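target13.cif follows; it contains mmCIF, C-alpha atoms.
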data_target
loop_
_atom_site.group_PDB
_atom_site.id
_atom_site.type_symbol
_atom_site.label_atom_id
_atom_site.label_comp_id
_atom_site.auth_asym_id
_atom_site.auth_seq_id
_atom_site.Cartn_x
_atom_site.Cartn_y
_atom_site.Cartn_z
ATOM 1 C CA MET A 30 0.000 0.000 0.000
ATOM 2 C CA VAL A 31 1.299 3.432 -0.838
ATOM 3 C CA CYS A 32 -0.265 6.392 0.909
ATOM 4 C CA VAL A 33 0.177 9.655 -0.953
ATOM 5 C CA GLY A 34 -0.072 12.874 1.045
ATOM 6 C CA LEU A 35 -0.568 13.405 4.735
ATOM 7 C CA PRO A 36 -3.882 12.976 6.564
ATOM 8 C CA LYS A 37 -5.191 15.904 8.627
ATOM 9 C CA ASP A 38 -5.364 13.621 11.668
ATOM 10 C CA ALA A 39 -2.198 11.505 12.131
ATOM 11 C CA SER A 40 -4.067 9.155 14.479
ATOM 12 C CA ILE A 41 -5.778 7.664 11.392
ATOM 13 C CA VAL A 42 -2.452 6.177 10.334
ATOM 14 C CA ALA A 43 -1.488 5.268 13.893
ATOM 15 C CA GLY A 44 -4.797 3.446 14.345
ATOM 16 C CA THR A 45 -4.075 0.862 11.639
ATOM 17 C CA MET A 46 -3.325 -1.939 14.110
ATOM 18 C CA PRO A 47 0.506 -1.871 13.990
ATOM 19 C CA VAL A 48 0.778 -5.346 15.546
ATOM 20 C CA LEU A 49 -1.145 -6.825 12.608
ATOM 21 C CA LEU A 50 1.039 -4.937 10.132
ATOM 22 C CA ILE A 51 4.186 -6.265 11.786
ATOM 23 C CA ALA A 52 2.894 -9.836 12.134
ATOM 24 C CA LYS A 53 1.903 -9.997 8.471
ATOM 25 C CA ASP A 54 5.032 -8.099 7.310
ATOM 26 C CA ILE A 55 2.884 -5.427 5.666
ATOM 27 C CA ALA A 56 4.633 -2.236 4.598
ATOM 28 C CA ILE A 57 2.906 1.104 4.256
ATOM 29 C CA VAL A 58 4.942 3.650 2.347
ATOM 30 C CA GLY A 59 4.038 7.313 2.302
ATOM 31 C CA SER A 60 4.889 10.295 0.188
ATOM 32 C CA ALA A 61 4.281 13.923 1.041
ATOM 33 C CA VAL A 62 4.450 14.915 -2.625
ATOM 34 C CA GLY A 63 1.790 14.525 -5.265
ATOM 35 C CA THR A 64 -1.816 15.520 -5.620
ATOM 36 C CA LYS A 65 -5.110 13.733 -6.137
ATOM 37 C CA LYS A 66 -4.762 14.551 -9.838
ATOM 38 C CA ASP A 67 -1.324 12.857 -9.884
ATOM 39 C CA CYS A 68 -2.853 9.743 -8.306
ATOM 40 C CA ASP A 69 -5.758 9.759 -10.773
ATOM 41 C CA GLU A 70 -3.328 10.009 -13.690
ATOM 42 C CA ALA A 71 -1.188 7.147 -12.356
ATOM 43 C CA LEU A 72 -4.248 4.930 -11.885
ATOM 44 C CA ASP A 73 -5.411 5.852 -15.389
ATOM 45 C CA PHE A 74 -2.133 4.514 -16.822
ATOM 46 C CA THR A 75 -2.889 1.191 -15.170
ATOM 47 C CA ALA A 76 -6.519 1.173 -16.296
ATOM 48 C CA ARG A 77 -5.397 1.739 -19.908
ATOM 49 C CA GLY A 78 -3.007 -1.227 -19.704
ATOM 50 C CA LEU A 79 0.141 0.893 -19.905
ATOM 51 C CA VAL A 80 1.713 -0.548 -16.746
ATOM 52 C CA HIS A 81 3.580 -3.799 -17.349
ATOM 53 C CA PRO A 82 5.135 -5.266 -14.196
ATOM 54 C CA ILE A 83 8.233 -7.419 -14.510
ATOM 55 C CA LEU A 84 7.344 -10.830 -13.089
ATOM 56 C CA THR A 85 9.490 -13.932 -12.696
ATOM 57 C CA HIS A 86 7.249 -17.000 -12.512
ATOM 58 C CA GLY A 87 8.054 -20.282 -10.800
ATOM 59 C CA THR A 88 6.783 -22.941 -8.431
ATOM 60 C CA LEU A 89 7.374 -23.587 -4.766
ATOM 61 C CA HIS A 90 10.288 -25.812 -5.807
ATOM 62 C CA ASP A 91 12.054 -22.696 -7.146
ATOM 63 C CA ILE A 92 11.950 -20.788 -3.858
ATOM 64 C CA ASN A 93 15.568 -21.468 -2.823
ATOM 65 C CA ASP A 94 16.857 -20.418 -6.245
ATOM 66 C CA PHE A 95 14.678 -17.287 -6.156
ATOM 67 C CA CYS A 96 15.966 -16.371 -2.674
ATOM 68 C CA HIS A 97 19.596 -16.747 -3.774
ATOM 69 C CA ARG A 98 19.033 -14.744 -6.956
ATOM 70 C CA MET A 99 17.197 -12.044 -5.004
ATOM 71 C CA ALA A 100 20.024 -11.794 -2.434
ATOM 72 C CA GLU A 101 22.501 -11.389 -5.305
ATOM 73 C CA GLY A 102 20.338 -8.742 -6.967
ATOM 74 C CA LYS A 103 19.790 -10.985 -9.998
ATOM 75 C CA LEU A 104 16.036 -11.561 -9.759
ATOM 76 C CA PRO A 105 14.237 -9.113 -12.050
ATOM 77 C CA GLY A 106 10.936 -7.652 -10.872
ATOM 78 C CA ARG A 107 8.785 -9.650 -8.509
ATOM 79 C CA ALA A 108 8.769 -13.406 -8.023
ATOM 80 C CA VAL A 109 5.411 -15.125 -8.439
ATOM 81 C CA LEU A 110 5.213 -18.681 -7.130
ATOM 82 C CA LYS A 111 2.419 -21.061 -8.066
ATOM 83 C CA ILE A 112 1.822 -23.237 -5.007
ATOM 84 C CA ALA A 113 -1.486 -24.943 -5.888
ATOM 85 C CA ALA A 114 -2.960 -26.579 -8.983
#
What does the file become when written as structure tokens?
Amino acid sequence: MVCVGLPKDASIVAGTMPVLLIAKDIAIVGSAVGTKKDCDEALDFTARGLVHPILTHGTLHDINDFCHRMAEGKLPGRAVLKIAA
């Protein structure tokens, strides 16, 4: 999740159950720059199919190889593992 801008009441962010975020290793990244129009334009790029993520596909059997490649900085994009049929 990426939060753009700052809320008027900081307790909104603080009230997001930090224990749950830590337990599930969820990251919330914020940016104080940008406007609602900037966000709308970015989402429009995605809606028009102009965003193409780099994905490396594999299975659960590939996890050790993916971890090594990621540690070496040799895994492009995000790894997607298929774990069920």
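Among the candidate residues A:Val58, A:Thr75, A:Ile112, A:Gly106, the one lying nearest to Ile92 in chain A is A:Ile112, with distances computed using all atoms listed in the file.
Across A:His97, A:Glu70, A:Gly59, A:Pro105, the tightest approach to Thr85 in chain A is made by A:Pro105 when counting only C-alpha atoms.
In this structure, CA of Leu110 in chain A sits 7.9 Å away from CA of Asp91 in chain A.
In this structure, CA of Pro82 in chain A sits 18.0 Å away from CA of Cys68 in chain A.
CA of Asn93 in chain A lies 14.8 Å from CA of Arg107 in chain A.
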